[in-house]
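Report on the structure given below.
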Amino acid sequence: MRVVVIGVFDGVHRGHQALVDRAVRRSVDPGESGAREVIAVTFDPHPAAVLRPDRAPVMLTSVDRRCDLLRAAGADDVAVLRFDHDFSQLSPTEFVDRLIGDVLGGRAVDAFVAGSNFRFGQGAVADVAALRAIGVERGFEVDEVALVTERFPDAPDVIWSSTFVRSSIASGDVAGAARVLGRPHRVEGVVVTGERRGRELGYPTANVDAGSDLAIPGDGVYAGWLIDGHDRWPAAISVGTNPQFEGTSRTVEAYVLGRDDLDLYGHEVAVEFAEHIRGQQVFDSVEGLTTQMGRDVAQAQRITSEEIR
């Protein structure tokens, strides 16, 4: 049985993972002995970037990272639908036919799995009920998965959504974002040469060029990890413009705890955010800054060490 699970899947959060899990379970039909296959279909760019570019959301994951996460969630393959103006003008039926014919290579689909908020076709007016009606004509079934609302003891009810994750990240609540993502939020980029001021202060940092396409946490200091290939080191991370030294460019800098021997220039790395430590500050003196940096490092050590216990 071939099952297609469809959505933007930005972030591949726990709600998206539940969709893929439903597709995996749906593909195992007790009445069929044939091979099973789950294909995840994602969109690139985000449809809002084409339909409402002034309101397009910042992305939580690159498309390559999204594909990796969808496979890790259980998809056998991932198809990337290159969303453009022409695709946005298709009627709902044309959308499905083009999807099956071009994106999926004409392979027959036994069932679709989609979230209850899935919309498609011109004007994004067609919903899961419309997809189900098309399925009656085209010979596939449709499973609809409701959005999940979770109650946390120390927070209001939370809907597992990319919108909530973006909002949490923007406010610096990376721990709240991780609850919905099911893992720490990650940004990726190349380590570039910075002002080298961290080394002068005793805390050499990797200045990560994360670009402007991914969601960067709000300005402040965080505990987390720096990942280089198979190495994952606990780190204290600074996000902001470095106002202590009248900086203007927003940067992501990670100090690997206890390490001053790393040469990461030019490396493609990832930075994962575990917990917010404090906001961005300006101190009366450089000595005041370095004293606080020492406290930040100690707190980052405590936070990241909890993962190992």
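Ordering of the structure tokens sets the chain letters (A, B, ...), residue numbers begin anew at 1 in every chain, and ligands are numbered from 1 in the order given.
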
Pick out each residue of stretch 195-255 of chain A that DSSP on the backbone tags as strand (DSSP E); I need them as an mmCIF file with N, CA and C atoms, in the first residue's frame.
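Generated file (result-v7.cif):
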```
data_model
loop_
_atom_site.group_PDB
_atom_site.id
_atom_site.type_symbol
_atom_site.label_atom_id
_atom_site.label_comp_id
_atom_site.auth_asym_id
_atom_site.auth_seq_id
_atom_site.Cartn_x
_atom_site.Cartn_y
_atom_site.Cartn_z
ATOM 1 N N ALA A 206 32.660 30.499 18.167
ATOM 2 C CA ALA A 206 32.455 30.220 16.750
ATOM 3 C C ALA A 206 31.336 31.136 16.273
ATOM 4 N N ASN A 207 31.663 32.018 15.342
ATOM 5 C CA ASN A 207 30.693 32.960 14.788
ATOM 6 C C ASN A 207 29.993 32.267 13.613
ATOM 7 N N VAL A 208 28.730 31.907 13.787
ATOM 8 C CA VAL A 208 28.016 31.085 12.812
ATOM 9 C C VAL A 208 27.160 31.969 11.907
ATOM 10 N N ASP A 209 27.440 31.915 10.616
ATOM 11 C CA ASP A 209 26.649 32.665 9.643
ATOM 12 C C ASP A 209 25.384 31.880 9.333
ATOM 13 N N GLY A 220 19.920 37.443 23.230
ATOM 14 C CA GLY A 220 20.186 37.008 24.589
ATOM 15 C C GLY A 220 21.246 35.936 24.629
ATOM 16 N N VAL A 221 21.395 35.328 25.794
ATOM 17 C CA VAL A 221 22.381 34.269 26.009
ATOM 18 C C VAL A 221 21.636 32.970 26.303
ATOM 19 N N TYR A 222 22.118 31.887 25.720
ATOM 20 C CA TYR A 222 21.449 30.591 25.808
ATOM 21 C C TYR A 222 22.443 29.489 26.149
ATOM 22 N N ALA A 223 21.925 28.440 26.723
ATOM 23 C CA ALA A 223 22.664 27.186 26.849
ATOM 24 C C ALA A 223 22.255 26.288 25.689
ATOM 25 N N GLY A 224 23.212 25.522 25.201
ATOM 26 C CA GLY A 224 22.885 24.625 24.094
ATOM 27 C C GLY A 224 24.085 23.822 23.669
ATOM 28 N N TRP A 225 24.159 23.541 22.388
ATOM 29 C CA TRP A 225 25.224 22.690 21.859
ATOM 30 C C TRP A 225 25.694 23.206 20.509
ATOM 31 N N LEU A 226 26.973 22.991 20.238
ATOM 32 C CA LEU A 226 27.549 23.233 18.917
ATOM 33 C C LEU A 226 27.866 21.873 18.313
ATOM 34 N N ILE A 227 27.403 21.661 17.083
ATOM 35 C CA ILE A 227 27.559 20.356 16.433
ATOM 36 C C ILE A 227 28.406 20.515 15.183
ATOM 37 N N ASP A 228 29.468 19.725 15.112
ATOM 38 C CA ASP A 228 30.353 19.724 13.949
ATOM 39 C C ASP A 228 30.559 18.271 13.540
ATOM 40 N N ASP A 231 30.646 15.399 16.197
ATOM 41 C CA ASP A 231 30.940 15.996 17.501
ATOM 42 C C ASP A 231 29.807 16.918 17.936
ATOM 43 N N ARG A 232 29.397 16.773 19.190
ATOM 44 C CA ARG A 232 28.349 17.619 19.765
ATOM 45 C C ARG A 232 28.831 18.089 21.133
ATOM 46 N N TRP A 233 29.158 19.383 21.215
ATOM 47 C CA TRP A 233 29.749 19.925 22.424
ATOM 48 C C TRP A 233 28.777 20.860 23.136
ATOM 49 N N PRO A 234 28.716 20.821 24.482
ATOM 50 C CA PRO A 234 27.905 21.794 25.217
ATOM 51 C C PRO A 234 28.474 23.190 25.003
ATOM 52 N N ALA A 235 27.589 24.179 24.928
ATOM 53 C CA ALA A 235 28.036 25.528 24.585
ATOM 54 C C ALA A 235 27.187 26.591 25.267
ATOM 55 N N ALA A 236 27.803 27.752 25.452
ATOM 56 C CA ALA A 236 27.081 28.972 25.811
ATOM 57 C C ALA A 236 26.963 29.783 24.529
ATOM 58 N N ILE A 237 25.758 30.219 24.213
ATOM 59 C CA ILE A 237 25.479 30.829 22.908
ATOM 60 C C ILE A 237 24.973 32.254 23.099
ATOM 61 N N SER A 238 25.538 33.166 22.335
ATOM 62 C CA SER A 238 25.097 34.556 22.367
ATOM 63 C C SER A 238 24.440 34.914 21.035
ATOM 64 N N VAL A 239 23.258 35.506 21.114
ATOM 65 C CA VAL A 239 22.551 35.983 19.925
ATOM 66 C C VAL A 239 22.307 37.473 20.104
ATOM 67 N N GLY A 240 22.713 38.279 19.116
ATOM 68 C CA GLY A 240 22.459 39.713 19.219
ATOM 69 C C GLY A 240 23.485 40.541 18.488
ATOM 70 N N THR A 251 24.451 38.566 15.277
ATOM 71 C CA THR A 251 25.267 37.365 15.119
ATOM 72 C C THR A 251 24.800 36.247 16.041
ATOM 73 N N VAL A 252 25.212 35.026 15.691
ATOM 74 C CA VAL A 252 25.043 33.854 16.540
ATOM 75 C C VAL A 252 26.448 33.348 16.845
ATOM 76 N N GLU A 253 26.845 33.413 18.117
ATOM 77 C CA GLU A 253 28.192 32.998 18.518
ATOM 78 C C GLU A 253 28.093 31.943 19.606
ATOM 79 N N ALA A 254 28.874 30.875 19.442
ATOM 80 C CA ALA A 254 28.828 29.771 20.399
ATOM 81 C C ALA A 254 30.207 29.523 20.983
ATOM 82 N N TYR A 255 30.276 29.526 22.302
ATOM 83 C CA TYR A 255 31.510 29.172 23.008
ATOM 84 C C TYR A 255 31.376 27.745 23.504
#
```

I'd like the contact shell of A:Thr149 - 9 Å cut-off, only C-alpha atoms, skipping same-chain residues fewer than 2 positions apart - returned as a PyMOL selection string. chain A and resi 147+151+157-160

Rows by chain and residue number, stretch 34-102 of chain A within 12 Å of stretch 168-176 of chain A, shortest pair, only C-alpha atoms, as JSON lines:
```
{"residue": "A:Pro57", "atom": "CA", "partner": "A:Ala170", "partner_atom": "CA", "distance": 11.7}
{"residue": "A:Val58", "atom": "CA", "partner": "A:Ala170", "partner_atom": "CA", "distance": 10.2}
{"residue": "A:Met59", "atom": "CA", "partner": "A:Ile169", "partner_atom": "CA", "distance": 11.2}
{"residue": "A:Leu60", "atom": "CA", "partner": "A:Ile169", "partner_atom": "CA", "distance": 9.3}
```

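Within the 10 Å cut-off around A:Gly11, using only C-alpha atoms and omitting residues fewer than 4 positions from it on the same chain, the listed residues are Gly15, His16, Gln17, Met59, Leu60, Thr61, Ser62, Val63, Arg65, Arg66, Leu69, Leu70, Ser161, Ser162, Val165, Arg166, Val180, Leu181, Gly182, His185 and Arg186 of chain A.
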
Since we have the selection now, will you write its residues out, keeping N, CA and C atoms, as a PDB file, in the first residue's frame?
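Saved the output as selection-v2.pdb:
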```pdb
ATOM      1  N   GLY A  15       3.424  17.370  16.043  1.00  0.00           N
ATOM      2  CA  GLY A  15       2.199  17.211  15.276  1.00  0.00           C
ATOM      3  C   GLY A  15       2.473  16.608  13.909  1.00  0.00           C
ATOM      4  N   HIS A  16       3.535  17.079  13.249  1.00  0.00           N
ATOM      5  CA  HIS A  16       3.925  16.520  11.956  1.00  0.00           C
ATOM      6  C   HIS A  16       4.363  15.067  12.114  1.00  0.00           C
ATOM      7  N   GLN A  17       5.090  14.799  13.184  1.00  0.00           N
ATOM      8  CA  GLN A  17       5.532  13.434  13.432  1.00  0.00           C
ATOM      9  C   GLN A  17       4.334  12.503  13.621  1.00  0.00           C
ATOM     10  N   MET A  59      11.474  30.457   8.276  1.00  0.00           N
ATOM     11  CA  MET A  59      11.412  28.999   8.316  1.00  0.00           C
ATOM     12  C   MET A  59      12.131  28.447   9.542  1.00  0.00           C
ATOM     13  N   LEU A  60      11.628  27.316  10.016  1.00  0.00           N
ATOM     14  CA  LEU A  60      12.224  26.639  11.167  1.00  0.00           C
ATOM     15  C   LEU A  60      13.317  25.668  10.751  1.00  0.00           C
ATOM     16  N   THR A  61      13.234  25.177   9.522  1.00  0.00           N
ATOM     17  CA  THR A  61      14.222  24.217   9.027  1.00  0.00           C
ATOM     18  C   THR A  61      14.496  24.483   7.556  1.00  0.00           C
ATOM     19  N   SER A  62      15.708  24.180   7.126  1.00  0.00           N
ATOM     20  CA  SER A  62      16.003  24.177   5.700  1.00  0.00           C
ATOM     21  C   SER A  62      15.270  23.000   5.062  1.00  0.00           C
ATOM     22  N   VAL A  63      15.104  23.032   3.761  1.00  0.00           N
ATOM     23  CA  VAL A  63      14.375  21.946   3.111  1.00  0.00           C
ATOM     24  C   VAL A  63      15.142  20.632   3.241  1.00  0.00           C
ATOM     25  N   ARG A  65      17.115  19.721   5.769  1.00  0.00           N
ATOM     26  CA  ARG A  65      16.917  19.266   7.147  1.00  0.00           C
ATOM     27  C   ARG A  65      15.508  18.709   7.312  1.00  0.00           C
ATOM     28  N   ARG A  66      14.526  19.355   6.707  1.00  0.00           N
ATOM     29  CA  ARG A  66      13.140  18.893   6.787  1.00  0.00           C
ATOM     30  C   ARG A  66      13.015  17.483   6.215  1.00  0.00           C
ATOM     31  N   LEU A  69      14.465  14.975   8.617  1.00  0.00           N
ATOM     32  CA  LEU A  69      13.608  14.763   9.781  1.00  0.00           C
ATOM     33  C   LEU A  69      12.370  13.943   9.423  1.00  0.00           C
ATOM     34  N   LEU A  70      11.828  14.147   8.242  1.00  0.00           N
ATOM     35  CA  LEU A  70      10.660  13.366   7.817  1.00  0.00           C
ATOM     36  C   LEU A  70      11.025  11.893   7.643  1.00  0.00           C
ATOM     37  N   SER A 161       1.967  23.424  16.655  1.00  0.00           N
ATOM     38  CA  SER A 161       1.953  24.122  15.372  1.00  0.00           C
ATOM     39  C   SER A 161       3.272  24.828  15.132  1.00  0.00           C
ATOM     40  N   SER A 162       3.603  25.037  13.854  1.00  0.00           N
ATOM     41  CA  SER A 162       4.802  25.784  13.498  1.00  0.00           C
ATOM     42  C   SER A 162       4.690  27.235  13.950  1.00  0.00           C
ATOM     43  N   VAL A 165       5.756  27.453  17.509  1.00  0.00           N
ATOM     44  CA  VAL A 165       7.202  27.285  17.634  1.00  0.00           C
ATOM     45  C   VAL A 165       7.922  28.562  17.226  1.00  0.00           C
ATOM     46  N   ARG A 166       7.498  29.171  16.123  1.00  0.00           N
ATOM     47  CA  ARG A 166       8.135  30.428  15.690  1.00  0.00           C
ATOM     48  C   ARG A 166       7.995  31.512  16.750  1.00  0.00           C
ATOM     49  N   VAL A 180       7.369  21.363  21.781  1.00  0.00           N
ATOM     50  CA  VAL A 180       6.521  21.054  20.632  1.00  0.00           C
ATOM     51  C   VAL A 180       7.325  20.383  19.517  1.00  0.00           C
ATOM     52  N   LEU A 181       8.574  20.812  19.336  1.00  0.00           N
ATOM     53  CA  LEU A 181       9.405  20.194  18.306  1.00  0.00           C
ATOM     54  C   LEU A 181       9.763  18.758  18.650  1.00  0.00           C
ATOM     55  N   GLY A 182       9.894  18.475  19.944  1.00  0.00           N
ATOM     56  CA  GLY A 182      10.359  17.163  20.356  1.00  0.00           C
ATOM     57  C   GLY A 182      11.866  17.069  20.367  1.00  0.00           C
ATOM     58  N   HIS A 185      15.578  23.409  19.115  1.00  0.00           N
ATOM     59  CA  HIS A 185      15.612  24.131  17.843  1.00  0.00           C
ATOM     60  C   HIS A 185      17.057  24.268  17.378  1.00  0.00           C
ATOM     61  N   ARG A 186      17.257  24.163  16.067  1.00  0.00           N
ATOM     62  CA  ARG A 186      18.607  24.173  15.502  1.00  0.00           C
ATOM     63  C   ARG A 186      18.709  25.197  14.381  1.00  0.00           C
TER      64      ARG A 186
END
```

With 12 Å as the cut-off and only C-alpha atoms counted, what is the closest atom pair between each nearby residue of stretch 50-71 of chain A and stretch 87-93 of chain A? Distances in Å to one decimal, ordered by chain and number, as a tab-separated table.
```
residue	atom	partner	partner_atom	distance
A:Val50	CA	A:Ser88	CA	8.1
A:Leu51	CA	A:Ser88	CA	7.7
A:Arg52	CA	A:Ser88	CA	11.5
```

Distance query stretch 108-118 of chain A at most 8 Å, only C-alpha atoms, self and fewer than 5 positions along chain excluded, as an MDAnalysis selection string: chainID A and resid 1:7 19 22:23 100 127:128 139:147

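By only C-alpha atoms, and with residues fewer than 5 positions from A:Arg82 along its chain excluded, the set lying at most 9 Å from it is Thr42, Phe43, Asp44, Pro45, Phe87 and Val103 of chain A.
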
Any chance you can output those residues with C-alpha atoms as a tab-separated table (two decimals), in the first residue's frame?
```
chain	number	residue	atom	x	y	z
A	42	THR	CA	6.50	18.88	1.41
A	43	PHE	CA	6.44	22.32	-0.21
A	44	ASP	CA	9.36	24.56	-1.13
A	45	PRO	CA	9.21	27.46	-0.87
A	87	PHE	CA	1.02	25.68	-9.13
A	103	VAL	CA	5.67	15.12	-8.28
```

Which residues of stretch 246-297 of chain A come within 12 Å of stretch 215-218 of chain A, and for each one, what is the closest pair of atoms and their distance in Å to one decimal, counting only C-alpha atoms, sorted by chain and residue number, as JSON lines?
```
{"residue": "A:Arg250", "atom": "CA", "partner": "A:Ile216", "partner_atom": "CA", "distance": 9.9}
{"residue": "A:Thr251", "atom": "CA", "partner": "A:Ile216", "partner_atom": "CA", "distance": 9.5}
{"residue": "A:Val252", "atom": "CA", "partner": "A:Ile216", "partner_atom": "CA", "distance": 8.4}
{"residue": "A:Glu253", "atom": "CA", "partner": "A:Ile216", "partner_atom": "CA", "distance": 11.8}
{"residue": "A:Val271", "atom": "CA", "partner": "A:Ile216", "partner_atom": "CA", "distance": 10.4}
{"residue": "A:Glu272", "atom": "CA", "partner": "A:Pro217", "partner_atom": "CA", "distance": 10.6}
{"residue": "A:Phe273", "atom": "CA", "partner": "A:Pro217", "partner_atom": "CA", "distance": 8.4}
{"residue": "A:Ala274", "atom": "CA", "partner": "A:Pro217", "partner_atom": "CA", "distance": 11.1}
{"residue": "A:Glu275", "atom": "CA", "partner": "A:Pro217", "partner_atom": "CA", "distance": 10.6}
{"residue": "A:His276", "atom": "CA", "partner": "A:Pro217", "partner_atom": "CA", "distance": 9.3}
{"residue": "A:Ile277", "atom": "CA", "partner": "A:Gly218", "partner_atom": "CA", "distance": 11.7}
{"residue": "A:Arg278", "atom": "CA", "partner": "A:Gly218", "partner_atom": "CA", "distance": 10.6}
{"residue": "A:Gly279", "atom": "CA", "partner": "A:Gly218", "partner_atom": "CA", "distance": 8.5}
{"residue": "A:Gln280", "atom": "CA", "partner": "A:Gly218", "partner_atom": "CA", "distance": 9.2}
```

Write down as a ChimeraX atom specification the residues of stretch 26-211 of chain A whose backbone DSSP state falls under alpha helix (DSSP H). /A:26-27,47-51,63-73,85-88,92-98,128-138,162-170,174-181,197-200

Would you output that residue set with C-alpha atoms, as a PDB file, in the first residue's frame?
```
ATOM      1  CA  ARG A  26      -2.178   3.304   7.560  1.00  0.00           C
ATOM      2  CA  SER A  27       0.245   1.704   5.116  1.00  0.00           C
ATOM      3  CA  PRO A  47       3.246  28.672  -0.120  1.00  0.00           C
ATOM      4  CA  ALA A  48       2.919  31.961   1.785  1.00  0.00           C
ATOM      5  CA  ALA A  49       6.192  33.127   0.220  1.00  0.00           C
ATOM      6  CA  VAL A  50       4.452  32.901  -3.167  1.00  0.00           C
ATOM      7  CA  LEU A  51       0.916  33.932  -2.237  1.00  0.00           C
ATOM      8  CA  VAL A  63      14.375  21.946   3.111  1.00  0.00           C
ATOM      9  CA  ASP A  64      17.255  19.444   3.369  1.00  0.00           C
ATOM     10  CA  ARG A  65      16.917  19.266   7.147  1.00  0.00           C
ATOM     11  CA  ARG A  66      13.140  18.893   6.787  1.00  0.00           C
ATOM     12  CA  CYS A  67      13.585  15.919   4.454  1.00  0.00           C
ATOM     13  CA  ASP A  68      16.016  14.278   6.875  1.00  0.00           C
ATOM     14  CA  LEU A  69      13.608  14.763   9.781  1.00  0.00           C
ATOM     15  CA  LEU A  70      10.660  13.366   7.817  1.00  0.00           C
ATOM     16  CA  ARG A  71      12.640  10.247   6.996  1.00  0.00           C
ATOM     17  CA  ALA A  72      13.690   9.942  10.633  1.00  0.00           C
ATOM     18  CA  ALA A  73       9.994  10.173  11.579  1.00  0.00           C
ATOM     19  CA  HIS A  85       2.645  30.901  -9.047  1.00  0.00           C
ATOM     20  CA  ASP A  86       1.506  28.427 -11.707  1.00  0.00           C
ATOM     21  CA  PHE A  87       1.016  25.681  -9.128  1.00  0.00           C
ATOM     22  CA  SER A  88      -0.936  28.072  -6.918  1.00  0.00           C
ATOM     23  CA  PRO A  92      -8.128  21.380  -6.440  1.00  0.00           C
ATOM     24  CA  THR A  93      -8.549  18.515  -8.908  1.00  0.00           C
ATOM     25  CA  GLU A  94      -5.724  19.804 -11.115  1.00  0.00           C
ATOM     26  CA  PHE A  95      -3.554  20.138  -8.011  1.00  0.00           C
ATOM     27  CA  VAL A  96      -4.079  16.482  -7.090  1.00  0.00           C
ATOM     28  CA  ASP A  97      -3.579  15.266 -10.663  1.00  0.00           C
ATOM     29  CA  ARG A  98      -0.378  17.309 -11.041  1.00  0.00           C
ATOM     30  CA  VAL A 128      -9.590  17.676   3.545  1.00  0.00           C
ATOM     31  CA  ALA A 129     -13.246  17.076   2.668  1.00  0.00           C
ATOM     32  CA  ALA A 130     -12.534  18.259  -0.872  1.00  0.00           C
ATOM     33  CA  LEU A 131      -9.497  15.974  -1.037  1.00  0.00           C
ATOM     34  CA  ARG A 132     -11.685  13.082   0.098  1.00  0.00           C
ATOM     35  CA  ALA A 133     -14.235  13.856  -2.654  1.00  0.00           C
ATOM     36  CA  ILE A 134     -11.469  13.871  -5.279  1.00  0.00           C
ATOM     37  CA  GLY A 135     -10.274  10.574  -3.830  1.00  0.00           C
ATOM     38  CA  VAL A 136     -13.647   8.982  -4.559  1.00  0.00           C
ATOM     39  CA  GLU A 137     -13.116   9.851  -8.235  1.00  0.00           C
ATOM     40  CA  ARG A 138      -9.410   9.018  -8.386  1.00  0.00           C
ATOM     41  CA  SER A 162       4.802  25.784  13.498  1.00  0.00           C
ATOM     42  CA  THR A 163       3.263  29.155  14.370  1.00  0.00           C
ATOM     43  CA  PHE A 164       3.614  28.447  18.092  1.00  0.00           C
ATOM     44  CA  VAL A 165       7.202  27.285  17.634  1.00  0.00           C
ATOM     45  CA  ARG A 166       8.135  30.428  15.690  1.00  0.00           C
ATOM     46  CA  SER A 167       6.554  32.638  18.327  1.00  0.00           C
ATOM     47  CA  SER A 168       8.389  30.819  21.116  1.00  0.00           C
ATOM     48  CA  ILE A 169      11.724  31.079  19.357  1.00  0.00           C
ATOM     49  CA  ALA A 170      11.277  34.780  18.603  1.00  0.00           C
ATOM     50  CA  VAL A 174      13.571  27.893  23.190  1.00  0.00           C
ATOM     51  CA  ALA A 175      12.613  25.378  25.892  1.00  0.00           C
ATOM     52  CA  GLY A 176       8.932  25.899  25.029  1.00  0.00           C
ATOM     53  CA  ALA A 177       9.728  25.490  21.342  1.00  0.00           C
ATOM     54  CA  ALA A 178      11.567  22.244  22.088  1.00  0.00           C
ATOM     55  CA  ARG A 179       8.489  20.859  23.857  1.00  0.00           C
ATOM     56  CA  VAL A 180       6.521  21.054  20.632  1.00  0.00           C
ATOM     57  CA  LEU A 181       9.405  20.194  18.306  1.00  0.00           C
ATOM     58  CA  ARG A 197      36.697  39.666  20.798  1.00  0.00           C
ATOM     59  CA  GLY A 198      35.577  36.517  22.584  1.00  0.00           C
ATOM     60  CA  ARG A 199      39.100  35.111  22.456  1.00  0.00           C
ATOM     61  CA  GLU A 200      40.452  38.341  23.938  1.00  0.00           C
TER      62      GLU A 200
END
```

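Proximity to A:Glu37 was assessed for A:Asp76, A:Asp296, A:Asp21, A:Asp261 counting only C-alpha atoms; the smallest distance is recorded for A:Asp76.
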
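Proximity of A:Val41, A:Ala126, A:Val286, A:Val191 to A:Thr205, computed with only C-alpha atoms, is greatest for A:Val191.
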
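If you count only C-alpha atoms and ignore residues fewer than 6 places along the chain from A:Gly189, what sits within 8 Å of it is Val208, Asp209, Ala210, Gly211, Glu268, Val269 and Ala270 of chain A.
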